[in-house]
Amino acid sequence: MRELIRDYFHLNKQQRNGMVVLCVLLLVVLFIRLSLPYWLPEPAMLVYPAPEAVLGNEEATAPAKTLQPFNPNEVSIATLVEGGVPERISRSLVNFHKGGFVYRTPDDLKRIHGMTDTLYAWLLPLVLLPLEQPTKKEQQAVAHKKQIKTVELNSADSTQLESLPGIGPAFAHRILKYRTLLGGYTAVHQLREVYGLKETVYEQVAPHCRVDATRLQKLNLQTATFKEINKHPYISFEACKALCNLRRSTPLTLQSLREVLGSDSLYQKLLPYVVLE
């Protein structure tokens, strides 16, 4: 070292500066080499969850058998425990259903107390549920539908009509009143003509109704009064006047009735209700 220091002072100024720069560079390289491990991130490692990470904080044990796909509405505690699910979670899952809850989607498992995200991810592919679970209200509606008796519209009273879904006292009264005006129903779809009856209600009612067309009360256009003819829903005031004027000079015929009404569809609807004797 002494010799290096002695030689340093025998160098000229330019040589001394060169040596200083060289020493500084060596010190920088040494510093970088020593501090490099602290700057670079550690290489990524593949980490697989340990059994206790899946099963929660409880002691992980090797399952007696692999958990098979299951319906949480039907599975037993023993089946879940034997498949590797912690007993505490298994009891909560089964007892939750016994308490009245119905699992409809796999996400419902997240409601279980103590269910972790990792455990849920493990169970998710194993959950088997029907595409659609009926609600309690829907089940009651189906049961009620099975109890509804078919109603014959031309003989039913208000009590029978009120037994139909969506029909209360007001609509029962309107159905009976319209039946009287018509002289009876020839088809169930005529309920659509009842004032205020919505299509949604009709769709609920129609499957439970039938019609006995032999009970129709027919209208004799040759002898009925102007007032009686004018009451019928399918005969307008103008058509009523024309029919009454026409029958004064000549007996009414089906052809003349068709001409007076001016509509073939209206004529077909009215035809079951009239006689020309």
# chains A, B, ... in the order shown; residues from 1 in each chain; ligands from 1
$ residues_around --residues "region 65-80 of chain A" --least-positions-apart "6" --cutoff "8 Å" --atoms "only C-alpha atoms" --output "number ranges by chain"
A: 86-87, 90-91, 93-94, 97, 102-103, 125-129
$ write_last_selection --atoms "C-alpha atoms" --output "JSON list (two decimals), in the first residue's frame"
[["chain", "number", "residue", "atom", "x", "y", "z"],
["A", 86, "PRO", "CA", -65.85, -28.99, 7.97],
["A", 87, "GLU", "CA", -68.53, -30.30, 10.32],
["A", 90, "SER", "CA", -71.89, -28.86, 7.07],
["A", 91, "ARG", "CA", -74.31, -28.46, 9.99],
["A", 93, "LEU", "CA", -75.63, -25.63, 5.51],
["A", 94, "VAL", "CA", -78.12, -28.42, 6.26],
["A", 97, "HIS", "CA", -82.47, -25.54, 4.79],
["A", 102, "VAL", "CA", -84.51, -23.06, -0.07],
["A", 103, "TYR", "CA", -81.24, -22.92, -2.01],
["A", 125, "PRO", "CA", -68.49, -26.85, -9.22],
["A", 126, "LEU", "CA", -70.12, -29.54, -7.05],
["A", 127, "VAL", "CA", -73.45, -27.79, -6.43],
["A", 128, "LEU", "CA", -76.34, -29.27, -8.40],
["A", 129, "LEU", "CA", -79.60, -27.30, -8.44]]
$ select_by_dssp --residues "region 130-237 of chain A" --states "strand (DSSP E)" --output "ChimeraX atom specification"
/A:151-152,209-210,219-220
$ residues_around --residues "region 110-114 of chain A" --least-positions-apart "6" --cutoff "9 Å" --atoms "only C-alpha atoms" --output "PyMOL selection string"
chain A and resi 56+88-89+92-93+96+120
$ closest_atom_pairs --of "region 148-226 of chain A" --to "region 235-246 of chain A" --cutoff "9 Å" --atoms "only C-alpha atoms" --output "CSV"
residue,atom,partner,partner_atom,distance
A:Leu221,CA,A:Leu243,CA,8.0
A:Gln222,CA,A:Cys244,CA,8.5
A:Thr225,CA,A:Cys244,CA,8.5
A:Phe226,CA,A:Cys244,CA,6.9
$ residues_around --residues "Leu254 (chain A)" --least-positions-apart "4" --cutoff "10 Å" --atoms "only C-alpha atoms" --output "ChimeraX atom specification"
/A:258-260,267,271,274-276
$ atom_distance --atom1 "CA of Pro272 (chain A)" --atom2 "CA of Arg174 (chain A)"
21.5 Å
$ closest_residue --among "A:Asn220, A:Ile229, A:Tyr178, A:Ala156" --to "Pro251 (chain A)" --atoms "only C-alpha atoms"
A:Asn220
$ select_by_dssp --residues "region 72-241 of chain A" --states "alpha helix (DSSP H)" --output "PyMOL selection string"
chain A and resi 77-82+87-98+117-123+136-147+158-162+169-182+199-205+226-231+237-241
$ residues_around --residues "Thr200 (chain A)" --least-positions-apart "6" --cutoff "12 Å" --atoms "only C-alpha atoms" --output "list in words"
Pro165, Gly166, Ile167, Leu191, Arg192 and Ala206 of chain A
$ write_last_selection --atoms "N, CA and C atoms" --output "PDB file, in the first residue's frame"
ATOM      1  N   PRO A 165    -109.816 -17.795 -10.201  1.00  0.00           N
ATOM      2  CA  PRO A 165    -108.717 -16.881  -9.867  1.00  0.00           C
ATOM      3  C   PRO A 165    -108.919 -15.508 -10.492  1.00  0.00           C
ATOM      4  N   GLY A 166    -108.778 -14.482  -9.669  1.00  0.00           N
ATOM      5  CA  GLY A 166    -108.884 -13.118 -10.164  1.00  0.00           C
ATOM      6  C   GLY A 166    -110.309 -12.583 -10.266  1.00  0.00           C
ATOM      7  N   ILE A 167    -111.304 -13.375  -9.897  1.00  0.00           N
ATOM      8  CA  ILE A 167    -112.707 -12.944  -9.999  1.00  0.00           C
ATOM      9  C   ILE A 167    -113.249 -12.673  -8.601  1.00  0.00           C
ATOM     10  N   LEU A 191    -115.829 -14.025 -22.547  1.00  0.00           N
ATOM     11  CA  LEU A 191    -115.514 -13.332 -21.289  1.00  0.00           C
ATOM     12  C   LEU A 191    -114.638 -12.109 -21.551  1.00  0.00           C
ATOM     13  N   ARG A 192    -113.903 -12.127 -22.654  1.00  0.00           N
ATOM     14  CA  ARG A 192    -113.086 -10.962 -23.009  1.00  0.00           C
ATOM     15  C   ARG A 192    -113.964  -9.723 -23.239  1.00  0.00           C
ATOM     16  N   ALA A 206    -109.856 -18.675 -18.004  1.00  0.00           N
ATOM     17  CA  ALA A 206    -110.304 -19.490 -19.138  1.00  0.00           C
ATOM     18  C   ALA A 206    -110.082 -20.997 -18.962  1.00  0.00           C
TER      19      ALA A 206
END
$ atom_distance --atom1 "CA of Cys209 (chain A)" --atom2 "CA of His173 (chain A)"
16.2 Å
$ closest_residue --among "A:Thr186, A:Ser158, A:Gln14, A:Thr253" --to "Thr214 (chain A)" --atoms "only C-alpha atoms"
A:Thr186
$ atom_distance --atom1 "CA of Asn154 (chain A)" --atom2 "CA of Asp212 (chain A)"
6.5 Å
